[in-house]
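J.: I am sharing target.pdb, which consists of PDB, C-alpha atoms (C1' of nucleotides):
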ATOM      1  CA  MET H   1      12.074-136.978-138.752
ATOM      2  CA  GLY H   2       9.559-137.118-136.926
ATOM      3  CA  LYS H   3       9.023-135.963-133.613
ATOM      4  CA  LYS H   4       9.627-132.604-132.160
ATOM      5  CA  ASN H   5      11.645-133.923-129.395
ATOM      6  CA  ASP H   6      13.268-137.229-128.795
ATOM      7  CA  TYR H   7      16.055-135.637-126.821
ATOM      8  CA  SER H   8      15.983-134.846-123.172
ATOM      9  CA  PHE H   9      16.583-131.354-121.974
ATOM     10  CA  CYS H  10      20.120-132.236-120.958
ATOM     11  CA  GLU H  11      20.968-133.493-124.437
ATOM     12  CA  ARG H  12      19.791-130.247-125.941
ATOM     13  CA  VAL H  13      21.832-128.294-123.444
ATOM     14  CA  PHE H  14      24.973-130.135-124.454
ATOM     15  CA  ALA H  15      24.210-129.646-128.133
ATOM     16  CA  VAL H  16      23.929-125.898-127.615
ATOM     17  CA  VAL H  17      26.916-125.495-125.331
ATOM     18  CA  ARG H  18      29.115-127.543-127.615
ATOM     19  CA  LYS H  19      28.424-125.062-130.394
ATOM     20  CA  ILE H  20      29.597-122.029-128.459
ATOM     21  CA  PRO H  21      32.630-120.688-130.343
ATOM     22  CA  LYS H  22      35.874-119.839-128.609
ATOM     23  CA  GLY H  23      36.017-116.321-127.281
ATOM     24  CA  LYS H  24      32.238-116.233-127.024
ATOM     25  CA  THR H  25      29.977-116.685-124.054
ATOM     26  CA  LEU H  26      26.299-117.387-123.497
ATOM     27  CA  SER H  27      24.255-116.825-120.396
ATOM     28  CA  TYR H  28      22.343-119.664-118.769
ATOM     29  CA  VAL H  29      19.071-118.056-119.761
ATOM     30  CA  ALA H  30      20.298-117.774-123.365
ATOM     31  CA  VAL H  31      21.144-121.460-123.448
ATOM     32  CA  ALA H  32      17.829-122.335-121.854
ATOM     33  CA  ARG H  33      16.085-120.306-124.520
ATOM     34  CA  ARG H  34      17.812-122.268-127.264
ATOM     35  CA  CYS H  35      16.727-125.455-125.565
ATOM     36  CA  GLY H  36      13.103-124.491-125.807
ATOM     37  CA  SER H  37      12.595-123.426-122.207
ATOM     38  CA  PRO H  38      13.350-119.714-121.826
ATOM     39  CA  ARG H  39      12.882-119.841-118.054
ATOM     40  CA  ALA H  40      14.970-122.927-117.370
ATOM     41  CA  ALA H  41      18.219-121.140-116.595
ATOM     42  CA  ARG H  42      18.556-123.061-113.335
ATOM     43  CA  ALA H  43      17.868-126.340-115.027
ATOM     44  CA  VAL H  44      20.733-125.637-117.441
ATOM     45  CA  GLY H  45      23.075-125.167-114.524
ATOM     46  CA  ALA H  46      21.813-128.364-112.938
ATOM     47  CA  VAL H  47      22.522-130.325-116.111
ATOM     48  CA  LEU H  48      26.003-128.895-116.618
ATOM     49  CA  ARG H  49      26.754-129.641-112.989
ATOM     50  CA  THR H  50      25.797-133.300-113.072
ATOM     51  CA  ASN H  51      27.008-134.016-116.592
ATOM     52  CA  TYR H  52      30.204-132.057-117.101
ATOM     53  CA  ASN H  53      32.308-133.416-119.891
ATOM     54  CA  PRO H  54      35.839-132.249-120.821
ATOM     55  CA  MET H  55      34.939-131.843-124.474
ATOM     56  CA  ILE H  56      32.097-129.483-123.729
ATOM     57  CA  PRO H  57      33.023-125.808-123.255
ATOM     58  CA  CYS H  58      30.685-125.465-120.330
ATOM     59  CA  HIS H  59      32.952-122.710-118.971
ATOM     60  CA  ARG H  60      31.544-120.459-121.694
ATOM     61  CA  VAL H  61      28.177-120.384-120.003
ATOM     62  CA  ILE H  62      28.004-117.517-117.546
ATOM     63  CA  TYR H  63      25.481-115.447-115.603
ATOM     64  CA  ALA H  64      23.258-112.991-117.398
ATOM     65  CA  ASP H  65      25.008-110.265-115.397
ATOM     66  CA  GLY H  66      28.214-111.048-117.215
ATOM     67  CA  THR H  67      29.825-112.543-114.130
ATOM     68  CA  SER H  68      31.553-115.833-114.481
ATOM     69  CA  GLY H  69      29.218-117.916-112.362
ATOM     70  CA  GLY H  70      30.059-121.345-111.025
ATOM     71  CA  TYR H  71      32.105-124.206-112.353
ATOM     72  CA  ASN H  72      32.647-127.836-111.470
ATOM     73  CA  ARG H  73      36.329-127.164-111.122
ATOM     74  CA  GLY H  74      36.155-123.827-109.376
ATOM     75  CA  SER H  75      34.863-120.456-110.483
ATOM     76  CA  ILE H  76      38.438-119.173-110.490
ATOM     77  CA  ARG H  77      39.408-121.726-113.095
ATOM     78  CA  LYS H  78      36.428-120.773-115.208
ATOM     79  CA  ARG H  79      37.269-117.087-115.148
ATOM     80  CA  CYS H  80      40.841-117.887-116.062
ATOM     81  CA  LEU H  81      39.733-119.886-119.087
ATOM     82  CA  LEU H  82      37.453-117.096-120.262
ATOM     83  CA  ILE H  83      40.200-114.520-120.002
ATOM     84  CA  ARG H  84      42.532-116.838-121.865
ATOM     85  CA  GLU H  85      40.029-117.166-124.698
ATOM     86  CA  GLY H  86      39.528-113.456-124.857
ATOM     87  CA  ALA H  87      35.917-113.623-123.795
ATOM     88  CA  LEU H  88      36.585-111.050-121.085
TER      89      LEU H  88
ATOM     90  C1'  DC S   1       4.962-140.572-107.567
ATOM     91  C1'  DA S   2       6.426-136.565-104.164
ATOM     92  C1'  DT S   3      10.060-133.851-102.409
ATOM     93  C1'  DT S   4      14.468-131.663-102.506
ATOM     94  C1'  DT S   5      18.137-129.448-104.733
ATOM     95  C1'  DG S   6      20.722-126.027-107.306
ATOM     96  C1'  DA S   7      26.825-123.854-111.988
ATOM     97  C1'  DC S   8      20.073-118.785-112.382
ATOM     98  C1'  DG S   9      17.591-114.251-112.936
ATOM     99  C1'  DC S  10      15.444-110.350-111.414
ATOM    100  C1'  DC S  11      13.672-107.015-108.121
ATOM    101  C1'  DA S  12      13.167-104.584-103.560
ATOM    102  C1'  DA S  13      15.341-102.611 -99.601
TER     103       DA S  13
ATOM    104  C1'  DT N   1      26.974-101.459-104.230
ATOM    105  C1'  DT N   2      25.615-105.534-101.557
ATOM    106  C1'  DT N   3      22.141-108.621 -99.457
ATOM    107  C1'  DG N   4      17.990-111.130 -99.248
ATOM    108  C1'  DG N   5      14.192-113.271-101.069
ATOM    109  C1'  DC N   6      10.963-115.198-104.613
ATOM    110  C1'  DG N   7      10.021-117.521-108.905
ATOM    111  C1'  DC N   8      11.060-121.088-112.441
ATOM    112  C1'  DC N   9      12.490-125.542-114.373
ATOM    113  C1'  DA N  10      14.388-130.012-114.889
ATOM    114  C1'  DA N  11      17.273-133.637-112.759
ATOM    115  C1'  DA N  12      18.260-136.334-108.720
ATOM    116  C1'  DT N  13      16.848-138.814-104.557
TER     117       DT N  13
END
Take the structure in the file and give it back as structure tokens.

T.:
Amino acid sequence: MGKKNDYSFCERVFAVVRKIPKGKTLSYVAVARRCGSPRAARAVGAVLRTNYNPMIPCHRVIYADGTSGGYNRGSIRKRCLLIREGAL
DNA sequence: CATTTGACGCCAA
DNA sequence: TTTGGCGCCAAAT
């Protein structure tokens, strides 16, 4: 156990996003905060954009305003998924 | 190593 | 309410 951080920021982002339960949403700033960088909201988006993975519920990460935000497969798709899960 | 980019967030007009 | 602009951070080039 050793070190405080052997994982890159992107790995932490995935770890956090993967844990978001169905029907629940987190804002980019909230995810960034859990990753140890409370101001890295943009960086979170950058990671999810370049490393999207079908088994990661990245559609559950939305703007702090409560708006859906962007999505690799279209913001419309993202909103649809959120409604389907009951997050909206 | 320096610069650019971008799925953000917040405030002023 | 909508638009524009600045700040912030990490990944990508």

J.: Using the chain letters and numbers from the file, give me the residues hit by the PyMOL selection byres ((chain N and resi 3) around 12), as number ranges by chain.

T.: S: 12-13; N: 1-2, 4-5

J.: Could you state the separation of CA of Arg60 (chain H) and CA of Lys24 (chain H) in Å, given to one decimal place?

T.: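 Between CA of Arg60 (chain H) and CA of Lys24 (chain H) the gap is 6.8 Å.
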
J.: Quote the spacing between CA of Ser27 (chain H) and CA of Asp65 (chain H) in Å to one decimal place.

T.: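 Between CA of Ser27 (chain H) and CA of Asp65 (chain H) the gap is 8.3 Å.
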
J.: Given all atoms listed in the file, how would the per-residue table for chain N near chain H read, listing every residue at most 12 Å away with its closest atom pair and distance in Å to one decimal, sorted by chain and number, as CSV?

T.:
residue,atom,partner,partner_atom,distance
N:DG7,C1',H:Arg39,CA,9.9
N:DC8,C1',H:Arg39,CA,6.0
N:DC9,C1',H:Ala40,CA,4.7
N:DA10,C1',H:Ala43,CA,5.1
N:DA11,C1',H:Ala46,CA,7.0
N:DA12,C1',H:Thr50,CA,9.2

J.: Could you tell me how far CA of Val29 (chain H) sits from C1' of DT5 (chain S), in Å to one decimal place?

T.: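 It comes out at 18.9 Å.
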
J.: For the PyMOL selection byres ((chain S) within 10 of (chain H)), applied here, can you spell out every residue it catches as an mmCIF file with C-alpha atoms (C1' of nucleotides), keeping the file's coordinate frame?

T.:
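selection34.cif, written as the output of this step:
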data_model
loop_
_atom_site.group_PDB
_atom_site.id
_atom_site.type_symbol
_atom_site.label_atom_id
_atom_site.label_comp_id
_atom_site.auth_asym_id
_atom_site.auth_seq_id
_atom_site.Cartn_x
_atom_site.Cartn_y
_atom_site.Cartn_z
ATOM 1 C "C1'" DT S 5 18.137 -129.448 -104.733
ATOM 2 C "C1'" DG S 6 20.722 -126.027 -107.306
ATOM 3 C "C1'" DA S 7 26.825 -123.854 -111.988
ATOM 4 C "C1'" DC S 8 20.073 -118.785 -112.382
ATOM 5 C "C1'" DG S 9 17.591 -114.251 -112.936
#

J.: So for region 29-46 of chain H, what box centre and size do we get, axis-aligned, 6 Å extra on each of the six sides, every listed atom, Å to one decimal, as JSON?

T.:
{"center_x": 17.8, "center_y": -123.1, "center_z": -120.1, "size_x": 22.5, "size_y": 22.6, "size_z": 26.3}

J.: Could you tell me, as a PyMOL selection string, which residues have any atom at most 10 Å from (24.9, -125.0, -128.2), counting only C-alpha atoms (C1' of nucleotides)?

T.: chain H and resi 12-21+26+30-32+34-35+56-58+61

J.: Can you work out which one of H:Arg33, H:Ile83, H:Glu11, H:Lys22 has the shortest atom-to-atom distance to Asn51 (chain H), counting only C-alpha atoms?

T.: H:Glu11
